[in-house]
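Visitor: For reference, this is coords_8.tsv, and it has TSV, C-alpha atoms.
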```tsv
chain	number	residue	atom	x	y	z
A	1	MET	CA	-9.17	-1.50	-17.99
A	2	THR	CA	-12.60	-0.20	-18.94
A	3	ALA	CA	-15.52	-2.48	-18.36
A	4	PRO	CA	-17.32	-3.36	-21.57
A	5	GLY	CA	-21.06	-3.30	-22.13
A	6	THR	CA	-23.52	-0.50	-22.56
A	7	SER	CA	-23.78	2.37	-20.13
A	8	ALA	CA	-27.27	1.23	-19.21
A	9	ASP	CA	-25.78	-2.03	-17.96
A	10	HIS	CA	-23.36	-0.06	-15.80
A	11	ASP	CA	-26.18	2.02	-14.36
A	12	LEU	CA	-27.37	-1.20	-12.79
A	13	PHE	CA	-24.40	-0.91	-10.40
A	14	ALA	CA	-24.59	2.83	-9.82
A	15	ALA	CA	-25.72	2.19	-6.24
A	16	LEU	CA	-22.53	0.24	-5.53
A	17	PRO	CA	-19.92	2.94	-4.86
A	18	GLU	CA	-16.94	2.94	-7.22
A	19	VAL	CA	-14.74	4.17	-4.40
A	20	ASP	CA	-15.85	3.78	-0.81
A	21	GLU	CA	-13.25	5.89	1.03
A	22	GLU	CA	-14.33	4.82	4.49
A	23	ALA	CA	-14.19	1.12	3.59
A	24	GLN	CA	-10.83	1.46	1.79
A	25	HIS	CA	-9.36	3.21	4.80
A	26	ARG	CA	-10.61	0.54	7.20
A	27	LEU	CA	-9.52	-2.34	4.96
A	28	HIS	CA	-6.10	-0.79	4.35
A	29	ALA	CA	-5.44	-0.55	8.10
A	30	ARG	CA	-6.57	-4.16	8.51
A	31	LEU	CA	-4.26	-5.29	5.69
A	32	ALA	CA	-1.27	-3.45	7.18
A	33	ALA	CA	-1.83	-5.10	10.56
A	34	ALA	CA	-2.35	-8.56	9.04
A	35	ALA	CA	0.72	-8.24	6.80
A	36	ASP	CA	2.88	-7.22	9.76
A	37	GLU	CA	1.50	-10.11	11.79
A	38	ALA	CA	2.23	-12.51	8.91
A	39	GLY	CA	5.80	-11.25	8.61
A	40	ILE	CA	5.36	-10.04	5.01
A	41	LEU	CA	5.38	-6.29	5.67
A	42	ASP	CA	8.90	-5.88	4.31
A	43	VAL	CA	8.78	-2.07	4.16
A	44	ALA	CA	6.36	0.02	6.25
A	45	TYR	CA	6.17	3.76	5.69
A	46	ARG	CA	4.46	6.95	6.76
A	47	THR	CA	5.01	10.67	6.38
A	48	ILE	CA	5.35	13.30	9.11
A	49	ASP	CA	5.22	17.09	9.06
A	50	THR	CA	8.27	18.90	10.39
A	51	PRO	CA	9.57	22.49	10.40
A	52	VAL	CA	11.75	21.54	7.39
A	53	GLY	CA	8.83	20.07	5.41
A	54	GLY	CA	7.28	16.63	5.01
A	55	LEU	CA	9.53	13.66	5.79
A	56	LEU	CA	8.96	10.14	4.52
A	57	LEU	CA	9.94	7.50	7.09
A	58	ALA	CA	10.36	3.85	6.05
A	59	ALA	CA	11.28	0.85	8.18
A	60	THR	CA	12.02	-2.82	7.61
A	61	GLU	CA	11.56	-5.38	10.37
A	62	ARG	CA	15.14	-4.57	11.41
A	63	GLY	CA	14.71	-0.85	11.82
A	64	LEU	CA	14.44	2.55	10.19
A	65	VAL	CA	15.80	2.17	6.66
A	66	ARG	CA	15.01	5.49	4.96
A	67	VAL	CA	14.26	9.09	5.80
A	68	ALA	CA	13.48	11.25	2.75
A	69	TYR	CA	12.83	14.93	2.19
A	70	ASP	CA	10.03	16.22	-0.03
A	71	VAL	CA	12.57	17.40	-2.61
A	72	GLU	CA	13.73	13.80	-3.13
A	73	GLY	CA	10.22	12.92	-4.36
A	74	HIS	CA	8.45	10.50	-2.02
A	75	GLU	CA	6.92	8.47	-4.87
A	76	LEU	CA	10.36	7.99	-6.36
A	77	VAL	CA	11.83	7.00	-2.99
A	78	LEU	CA	9.09	4.39	-2.53
A	79	GLU	CA	9.87	2.96	-5.98
A	80	GLN	CA	13.54	2.76	-5.04
A	81	LEU	CA	12.63	0.93	-1.84
A	82	ALA	CA	10.49	-1.48	-3.87
A	83	ASP	CA	13.48	-2.11	-6.16
A	84	ARG	CA	16.25	-2.29	-3.62
A	85	VAL	CA	14.57	-3.80	-0.54
A	86	SER	CA	11.27	-5.46	-1.49
A	87	PRO	CA	8.13	-4.55	-3.47
A	88	ARG	CA	6.07	-5.43	-0.39
A	89	VAL	CA	5.83	-1.77	0.57
A	90	LEU	CA	2.77	-0.56	2.48
A	91	ARG	CA	1.74	2.61	4.25
A	92	ALA	CA	1.69	1.33	7.83
A	93	PRO	CA	2.23	4.05	10.45
A	94	ALA	CA	2.35	1.73	13.47
A	95	ARG	CA	5.90	0.53	12.85
A	96	LEU	CA	7.11	4.14	12.53
A	97	GLU	CA	5.48	5.39	15.71
A	98	ARG	CA	8.67	5.52	17.74
A	99	ALA	CA	10.75	7.10	14.96
A	100	ALA	CA	8.05	9.73	14.41
A	101	ARG	CA	7.94	10.54	18.12
A	102	GLU	CA	11.72	10.86	18.37
A	103	LEU	CA	11.81	13.16	15.33
A	104	ASP	CA	9.02	15.29	16.80
A	105	GLU	CA	11.06	15.63	19.97
A	106	TYR	CA	14.19	16.45	17.98
A	107	PHE	CA	12.46	19.22	16.03
A	108	ALA	CA	11.04	20.57	19.29
A	109	GLY	CA	14.60	20.82	20.64
A	110	ARG	CA	13.92	18.19	23.28
A	111	ARG	CA	16.03	15.34	21.87
A	112	SER	CA	19.74	15.37	21.07
A	113	ARG	CA	20.23	11.74	19.96
A	114	PHE	CA	18.10	9.03	18.37
A	115	ASP	CA	17.53	5.62	19.92
A	116	VAL	CA	15.45	3.89	17.20
A	117	PRO	CA	17.05	0.79	15.64
A	118	LEU	CA	18.55	1.56	12.21
A	119	ASP	CA	18.79	-0.64	9.13
A	120	PHE	CA	21.82	0.43	7.06
A	121	ARG	CA	21.17	-1.96	4.16
A	122	LEU	CA	20.85	0.86	1.61
A	123	SER	CA	24.43	1.93	2.24
A	124	HIS	CA	27.52	-0.09	1.35
A	125	GLY	CA	31.29	-0.10	1.57
A	126	PHE	CA	33.11	3.13	2.32
A	127	ARG	CA	29.86	5.15	2.39
A	128	ARG	CA	28.57	2.94	5.15
A	129	THR	CA	31.85	3.33	7.07
A	130	VAL	CA	31.49	7.10	6.76
A	131	LEU	CA	27.90	7.02	8.06
A	132	SER	CA	28.98	4.94	11.05
A	133	HIS	CA	31.34	7.76	12.07
A	134	LEU	CA	28.77	10.54	11.83
A	135	SER	CA	27.13	9.77	15.15
A	136	GLU	CA	30.47	10.61	16.79
A	137	ILE	CA	29.82	14.28	15.95
A	138	GLY	CA	27.90	15.52	18.96
A	139	TYR	CA	24.60	17.41	18.88
A	140	GLY	CA	25.19	21.07	18.09
A	141	LYS	CA	28.77	20.41	16.86
A	142	THR	CA	30.15	20.21	13.33
A	143	ALA	CA	33.06	18.37	11.72
A	144	SER	CA	34.79	18.88	8.37
A	145	TYR	CA	34.60	16.47	5.45
A	146	ALA	CA	38.37	16.06	5.82
A	147	ALA	CA	38.11	15.15	9.50
A	148	ILE	CA	35.48	12.50	8.75
A	149	ALA	CA	37.63	11.13	5.92
A	150	ALA	CA	40.49	10.75	8.38
A	151	ALA	CA	38.22	9.15	11.01
A	152	ALA	CA	36.95	6.70	8.38
A	153	GLY	CA	40.54	5.66	7.72
A	154	ASN	CA	41.04	7.35	4.35
A	155	PRO	CA	42.19	10.98	4.78
A	156	ARG	CA	42.38	11.53	1.01
A	157	ALA	CA	38.78	10.48	0.39
A	158	VAL	CA	37.26	13.89	1.15
A	159	ARG	CA	35.07	13.89	-1.97
A	160	ALA	CA	33.87	10.37	-1.22
A	161	VAL	CA	32.81	11.56	2.24
A	162	GLY	CA	30.83	14.31	0.51
A	163	THR	CA	29.09	11.70	-1.65
A	164	ALA	CA	28.41	9.49	1.37
A	165	CYS	CA	26.77	12.41	3.16
A	166	ARG	CA	24.74	13.53	0.14
A	167	THR	CA	23.44	9.97	-0.40
A	168	ASN	CA	22.83	9.25	3.29
A	169	PRO	CA	19.61	7.16	3.34
A	170	LEU	CA	18.89	8.30	6.90
A	171	PRO	CA	19.31	12.09	7.03
A	172	VAL	CA	18.54	13.90	10.31
A	173	VAL	CA	18.79	10.62	12.26
A	174	VAL	CA	22.32	9.95	10.97
A	175	PRO	CA	23.59	13.52	11.27
A	176	CYS	CA	25.27	14.23	7.94
A	177	HIS	CA	24.05	17.83	8.35
A	178	ARG	CA	26.84	18.26	10.94
A	179	VAL	CA	29.52	17.73	8.29
A	180	VAL	CA	30.68	21.05	6.75
A	181	ARG	CA	33.54	22.28	4.59
A	182	SER	CA	36.92	23.07	6.15
A	183	ASP	CA	36.44	26.74	5.26
A	184	GLY	CA	33.28	26.81	7.36
A	185	THR	CA	30.77	26.94	4.47
A	186	LEU	CA	27.98	24.43	4.62
A	187	GLY	CA	28.43	22.24	1.55
A	188	GLN	CA	25.68	20.22	-0.10
A	189	TYR	CA	22.75	18.50	1.56
A	190	ALA	CA	20.07	16.06	0.39
A	191	GLY	CA	17.32	18.35	1.73
A	192	GLY	CA	18.95	21.50	0.34
A	193	ALA	CA	21.39	23.95	1.94
A	194	ASP	CA	18.57	25.88	3.66
A	195	VAL	CA	17.45	22.78	5.51
A	196	LYS	CA	21.03	22.04	6.57
A	197	ARG	CA	21.31	25.59	7.91
A	198	ALA	CA	17.97	25.24	9.73
A	199	LEU	CA	19.03	21.98	11.43
A	200	LEU	CA	22.34	23.46	12.59
A	201	ALA	CA	20.50	26.56	13.87
A	202	LEU	CA	18.00	24.38	15.71
A	203	GLU	CA	20.80	22.46	17.42
A	204	ALA	CA	22.74	25.63	18.25
A	205	ALA	CA	19.65	27.19	19.86
A	206	ALA	CA	18.58	24.20	21.95
B	1	MET	CA	12.11	-6.81	-12.90
B	2	ARG	CA	10.69	-3.53	-11.60
B	3	ARG	CA	7.50	-3.80	-9.61
B	4	PRO	CA	5.63	-0.83	-8.19
B	5	PRO	CA	5.34	-0.67	-4.39
B	6	PHE	CA	2.43	-2.88	-3.26
B	7	GLU	CA	0.81	0.24	-1.81
B	8	ALA	CA	0.25	1.44	-5.40
B	9	VAL	CA	-1.48	-1.86	-6.24
B	10	VAL	CA	-3.83	-1.47	-3.26
B	11	ALA	CA	-4.59	2.14	-4.18
B	12	ARG	CA	-5.22	1.40	-7.84
B	13	TYR	CA	-7.14	-1.88	-7.66
B	14	GLY	CA	-8.51	-1.95	-4.09
B	15	PRO	CA	-11.80	-0.21	-4.95
B	16	THR	CA	-12.56	-2.46	-7.95
B	17	VAL	CA	-11.78	-5.64	-6.02
B	18	LEU	CA	-14.06	-4.45	-3.23
B	19	ARG	CA	-16.91	-3.87	-5.71
B	20	VAL	CA	-16.41	-7.37	-7.09
B	21	CYS	CA	-16.32	-8.93	-3.60
B	22	ARG	CA	-19.44	-7.01	-2.60
B	23	ALA	CA	-21.36	-8.00	-5.72
B	24	VAL	CA	-20.44	-11.69	-5.35
B	25	LEU	CA	-20.58	-12.09	-1.57
B	26	GLY	CA	-22.67	-9.24	-0.22
B	27	PRO	CA	-21.89	-6.45	2.20
B	28	THR	CA	-20.81	-8.47	5.22
B	29	ALA	CA	-18.59	-11.17	3.77
B	30	ALA	CA	-16.96	-8.81	1.25
B	31	ASP	CA	-14.61	-7.25	3.81
B	32	ASP	CA	-13.15	-10.62	4.77
B	33	ALA	CA	-12.76	-11.67	1.14
B	34	TRP	CA	-11.04	-8.39	0.24
B	35	SER	CA	-8.66	-8.71	3.18
B	36	GLU	CA	-7.81	-12.34	2.39
B	37	THR	CA	-7.30	-11.43	-1.26
B	38	PHE	CA	-4.85	-8.62	-0.67
B	39	LEU	CA	-2.94	-10.43	2.08
B	40	SER	CA	-2.52	-13.41	-0.21
B	41	ALA	CA	-1.60	-11.16	-3.16
B	42	MET	CA	1.00	-9.32	-1.08
B	43	ARG	CA	2.55	-12.62	-0.08
B	44	ALA	CA	2.93	-13.68	-3.72
B	45	TYR	CA	3.68	-10.22	-5.12
B	46	PRO	CA	7.50	-10.48	-5.32
B	47	ASP	CA	7.11	-13.55	-7.56
B	48	LEU	CA	4.48	-12.03	-9.86
B	49	ARG	CA	5.76	-11.71	-13.41
B	50	PRO	CA	6.23	-8.01	-14.15
B	51	ASP	CA	4.20	-8.22	-17.39
B	52	SER	CA	1.19	-9.76	-15.64
B	53	ASN	CA	-2.29	-8.27	-15.79
B	54	VAL	CA	-2.50	-7.27	-12.13
B	55	GLU	CA	-6.25	-6.67	-12.11
B	56	ALA	CA	-7.03	-10.09	-13.59
B	57	TRP	CA	-4.58	-11.66	-11.14
B	58	LEU	CA	-6.34	-10.02	-8.19
B	59	VAL	CA	-9.81	-11.02	-9.43
B	60	THR	CA	-8.56	-14.61	-9.76
B	61	ILE	CA	-7.37	-14.58	-6.15
B	62	ALA	CA	-10.61	-12.91	-5.00
B	63	HIS	CA	-12.58	-15.59	-6.87
B	64	ARG	CA	-10.74	-18.37	-5.01
B	65	LYS	CA	-11.13	-16.62	-1.67
B	66	ALA	CA	-14.86	-16.23	-2.30
B	67	ILE	CA	-15.16	-19.95	-2.99
B	68	ASP	CA	-13.24	-20.75	0.22
B	69	GLN	CA	-15.48	-18.46	2.16
B	70	ARG	CA	-18.70	-19.93	0.81
B	71	ARG	CA	-17.43	-23.41	1.58
B	72	ALA	CA	-16.63	-22.41	5.13
B	73	GLU	CA	-20.08	-20.85	5.47
B	74	SER	CA	-21.87	-23.89	4.15
B	75	ARG	CA	-19.91	-26.11	6.55
B	76	ARG	CA	-21.11	-23.96	9.41
B	77	ALA	CA	-24.72	-23.97	8.20
B	78	ILE	CA	-27.22	-26.82	8.57
B	79	PRO	CA	-26.56	-29.12	5.64
B	80	THR	CA	-29.66	-28.78	3.49
B	81	GLY	CA	-27.81	-29.44	0.28
B	82	ASP	CA	-28.32	-25.85	-0.78
B	83	LEU	CA	-26.15	-22.88	0.03
B	84	PRO	CA	-27.86	-20.85	2.74
B	85	GLU	CA	-29.72	-17.72	1.84
B	86	ARG	CA	-28.57	-15.00	4.18
B	87	PRO	CA	-30.61	-11.95	4.98
B	88	SER	CA	-28.89	-8.65	4.18
B	89	ARG	CA	-27.31	-7.04	7.18
B	90	ASP	CA	-26.09	-3.56	7.97
B	91	GLY	CA	-28.32	-2.36	5.15
B	92	VAL	CA	-29.03	1.30	4.63
B	93	PRO	CA	-32.58	1.55	3.24
B	94	GLY	CA	-32.33	2.38	-0.44
B	95	GLY	CA	-28.57	1.71	-0.48
B	96	TRP	CA	-26.94	-1.03	-2.47
B	97	GLU	CA	-26.74	-3.18	0.66
B	98	THR	CA	-30.47	-3.76	0.53
B	99	ASP	CA	-32.02	-3.43	-2.93
B	100	LEU	CA	-29.13	-4.18	-5.26
B	101	TRP	CA	-27.69	-6.92	-3.11
B	102	ALA	CA	-31.13	-8.52	-2.72
B	103	ALA	CA	-31.37	-8.66	-6.50
B	104	LEU	CA	-27.80	-9.94	-6.90
B	105	GLU	CA	-28.25	-12.52	-4.17
B	106	ALA	CA	-31.28	-13.90	-5.97
B	107	LEU	CA	-29.14	-14.72	-9.04
B	108	PRO	CA	-27.54	-18.14	-9.44
B	109	LEU	CA	-23.94	-17.88	-8.21
B	110	LYS	CA	-22.43	-18.34	-11.67
B	111	GLN	CA	-24.47	-15.48	-13.12
B	112	ARG	CA	-23.52	-13.25	-10.21
B	113	GLN	CA	-19.83	-14.06	-10.64
B	114	THR	CA	-19.93	-13.57	-14.39
B	115	VAL	CA	-21.74	-10.26	-14.12
B	116	ALA	CA	-19.30	-8.99	-11.44
B	117	TYR	CA	-16.14	-10.13	-13.21
B	118	HIS	CA	-17.25	-8.77	-16.56
B	119	TYR	CA	-19.11	-5.59	-15.72
B	120	LEU	CA	-17.23	-4.49	-12.60
B	121	ALA	CA	-13.70	-5.79	-13.22
B	122	GLY	CA	-13.78	-5.73	-17.03
B	123	LEU	CA	-12.57	-9.30	-17.47
B	124	PRO	CA	-13.12	-10.69	-20.99
B	125	TYR	CA	-15.41	-13.73	-21.23
B	126	ALA	CA	-12.50	-15.96	-22.26
B	127	GLU	CA	-10.76	-15.28	-18.95
B	128	ILE	CA	-13.98	-15.67	-16.99
B	129	ALA	CA	-14.47	-19.06	-18.66
B	130	GLU	CA	-11.03	-20.11	-17.46
B	131	LEU	CA	-11.95	-19.14	-13.93
B	132	LEU	CA	-15.42	-20.66	-13.81
B	133	GLY	CA	-15.03	-23.52	-16.28
B	134	GLY	CA	-17.17	-23.86	-19.39
B	135	SER	CA	-16.85	-21.97	-22.64
B	136	PRO	CA	-16.57	-18.22	-23.25
B	137	ASP	CA	-20.00	-18.41	-24.93
B	138	ALA	CA	-21.50	-19.96	-21.83
B	139	ALA	CA	-19.96	-17.15	-19.74
B	140	ARG	CA	-21.41	-14.58	-22.13
B	141	ARG	CA	-24.86	-16.19	-21.85
B	142	ALA	CA	-24.63	-16.32	-18.04
B	143	ALA	CA	-23.77	-12.62	-17.94
B	144	ALA	CA	-26.62	-11.75	-20.33
B	145	ASP	CA	-29.09	-13.78	-18.29
B	146	GLY	CA	-27.83	-12.17	-15.09
B	147	ILE	CA	-28.14	-8.65	-16.46
B	148	ALA	CA	-31.63	-9.40	-17.81
B	149	ALA	CA	-32.72	-10.74	-14.43
B	150	LEU	CA	-31.31	-7.68	-12.64
B	151	ARG	CA	-33.21	-5.42	-15.03
B	152	ARG	CA	-36.43	-7.30	-14.25
B	153	THR	CA	-36.02	-7.42	-10.49
B	154	TYR	CA	-33.83	-4.57	-9.35
B	155	LEU	CA	-34.51	-1.84	-11.91
B	156	LYS	CA	-38.24	-2.49	-11.93
B	157	GLY	CA	-38.27	-2.34	-8.14
B	158	ALA	CA	-36.24	0.87	-8.18
B	159	ALA	CA	-38.59	2.46	-10.73
B	160	ALA	CA	-41.63	1.54	-8.66
B	161	SER	CA	-40.30	2.99	-5.44
```
Output the structure of this file as structure tokens.
Guide:
Amino acid sequence: MTAPGTSADHDLFAALPEVDEEAQHRLHARLAAAADEAGILDVAYRTIDTPVGGLLLAATERGLVRVAYDVEGHELVLEQLADRVSPRVLRAPARLERAARELDEYFAGRRSRFDVPLDFRLSHGFRRTVLSHLSEIGYGKTASYAAIAAAAGNPRAVRAVGTACRTNPLPVVVPCHRVVRSDGTLGQYAGGADVKRALLALEAAA
Amino acid sequence: MRRPPFEAVVARYGPTVLRVCRAVLGPTAADDAWSETFLSAMRAYPDLRPDSNVEAWLVTIAHRKAIDQRRAESRRAIPTGDLPERPSRDGVPGGWETDLWAALEALPLKQRQTVAYHYLAGLPYAEIAELLGGSPDAARRAAADGIAALRRTYLKGAAAS
């Protein structure tokens, strides 16, 4: 919306900054803390830098709900969270402190499993069953799509396991990168095949 | 029923709402009013109709918060019947916190509100009339009087310095 009136009238307010970055920053932090305190911070998020690019981390009050790669489009992911969880989405790093620390440690080769609470609400049905079996694949190991299908109780659902892995809302933390094809090739990955290869190399080297 | 993440609302409208709060309440009280406004807006956000004018909605909330705040201030102050005149604080010499705010603070509250809602937030006079009571014409006159007074006091002072 453009304010009406003549430009001379607007010059009256030229001294009042249109955007006061310092104040916005301070007030935003205050809002995030107050919203959390009031129990209305439904989705808190932040981004972190990692060797495989920027990661978006989002958490509900229950736990980490979404990890997203740059290639997924962070703006789009935030819109999906607004649609599927709640529109009360705010950049609020405090709630993600522990997840960020654990991921830092993982990428430094100093952590082989994650202890942060997880919120699986973005995953349903068979896909969720599949994800629950992924943590059984140990750090540095791999399993085939077929093996996971069998573990999830449906040996014929190999393609569905592939879909569950590709749509994993919590990549890295729920290790879908450890699921590969029976012939040893990598298969698809939400962050791209190069990222999958990098994660497996990181775990093999540690 | 798609609504953008609330973060996008803060990013897009936060600066304008802060200008409005500052022009109506001054540098010190504006922070509290902004914070109350966005906390209250975030609480109600899931129920906001998707076709709503978000900026007008936020200015309406900010208007109510400003009234609450002035009431609370006047309860704390010695009851003289008038709202207390507060000296500007944290002012940078030559910044808006001193000269412009001094000129704004000297306006009757209704003129200050009308000027801020119209010239800073772009609200039409009809909507301002709904907020403040009275007719759109009265709102237009209040804004014109306010702007004229600011030209006399603030601009003349700025030109002289």
Visitor: Between A:Arg166, A:Arg91, A:Asp42, A:Asp36, which residue has the minimum interatomic distance to chain B, considering all atoms listed in the file?
Guide: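 Smallest distance to chain B is found for A:Arg91.
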Visitor: I'd like the contact shell of segment 141-147 of chain B - 6 Å cut-off, all atoms listed in the file, skipping same-chain residues fewer than 4 positions apart - returned as a compact mmCIF listing (two decimals) with C-alpha atoms, in the frame of the given file.
Guide:
```txt
# COMPACT_ATOMS: atom_id res chain seq x y z
CA GLN B 111 -24.47 -15.48 -13.12
CA THR B 114 -19.93 -13.57 -14.39
CA VAL B 115 -21.74 -10.26 -14.12
```
Visitor: Can you work out which one of B:Ala72, B:Ala129, B:Leu39, B:Ala148 has the shortest atom-to-atom distance to chain A, counting all atoms listed in the file?
Guide: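 Of B:Ala72, B:Ala129, B:Leu39, B:Ala148, the one nearest chain A, counting all atoms listed in the file, is B:Leu39.
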Visitor: Counting all atoms listed in the file, which of B:Leu132, B:Ile61, B:Ala139, B:Ala56 gets nearest to chain A?
Guide: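 Of all the options, B:Ala56 lies closest to chain A.
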Visitor: Rounded to one decimal in Å, what is the spacing between atom CA of Val158 of chain A and atom CA of Pro117 of chain A?
Guide: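 Pair atom CA of Val158 of chain A / atom CA of Pro117 of chain A returns 28.1 Å.
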Visitor: Atom CA of Gly191 of chain A and atom CA of Leu78 of chain A are how many Å apart?
Guide: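 Straight-line distance from atom CA of Gly191 of chain A to atom CA of Leu78 of chain A works out to 16.8 Å.
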Visitor: Give me the residues near Leu100 of chain B as number ranges by chain, where near means some atom within 8 Å (using only C-alpha atoms) and where sequence neighbours in that chain fewer than 3 positions away do not count.
Guide: A: 13, 15-16; B: 95-97, 103-104, 154
Visitor: Can you work out which residues from chain A touch chain B at a cut-off of 9 Å (counting only C-alpha atoms) and hand them back as a ChimeraX atom specification?
Guide: /A:1-5,9-10,12-21,23-24,27-28,30-32,34-35,38,40-41,78-83,86-91
Visitor: For each of A:Leu118, A:Ala100, A:Val180, A:Ala94, take the minimum atom-to-atom distance to Arg62 of chain A, counting all atoms listed in the file, then give the residue where this is smallest.
Guide: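 Using all atoms listed in the file, the shortest distance to Arg62 of chain A belongs to A:Leu118.
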Visitor: Have a look at atom CA of Lys156 of chain B and atom CA of Thr98 of chain B and let me know their distance in Å, one decimal.
Guide: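 Taking atom CA of Lys156 of chain B and atom CA of Thr98 of chain B, their separation equals 14.7 Å.
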Visitor: Rank B:Ala138, B:Ala66, B:Val24, B:Leu48 by their smallest atom-to-atom distance to Ala126 of chain B, using all atoms listed in the file, and report the top residue only.
Guide: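 Of all the options, B:Ala138 lies closest to Ala126 of chain B.
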Visitor: Grab all the atoms of segment 70-85 of chain A that the file lists, wrap them in a box along x, y and z, add 6 Å per side, and give me centre plus edge lengths in Å (one decimal) as lines of an AutoDock Vina configuration file.
Guide:
```
center_x = 11.6
center_y = 6.8
center_z = -3.2
size_x = 21.3
size_y = 33.2
size_z = 18.3
```
Visitor: Every residue with an atom at most 9 Å from (26.9, 11.2, 4.6) (file coordinates; all atoms listed in the file) is what I'm after, so could you write them as a ChimeraX atom specification?
Guide: /A:127-128,130-131,134,161-171,174-177,179,189
Visitor: Using only C-alpha atoms, pick whichever of A:Ala150, A:Val71, A:Leu55, A:Ala193 has the shortest atom-to-atom distance to Ala99 of chain A.
Guide: A:Leu55
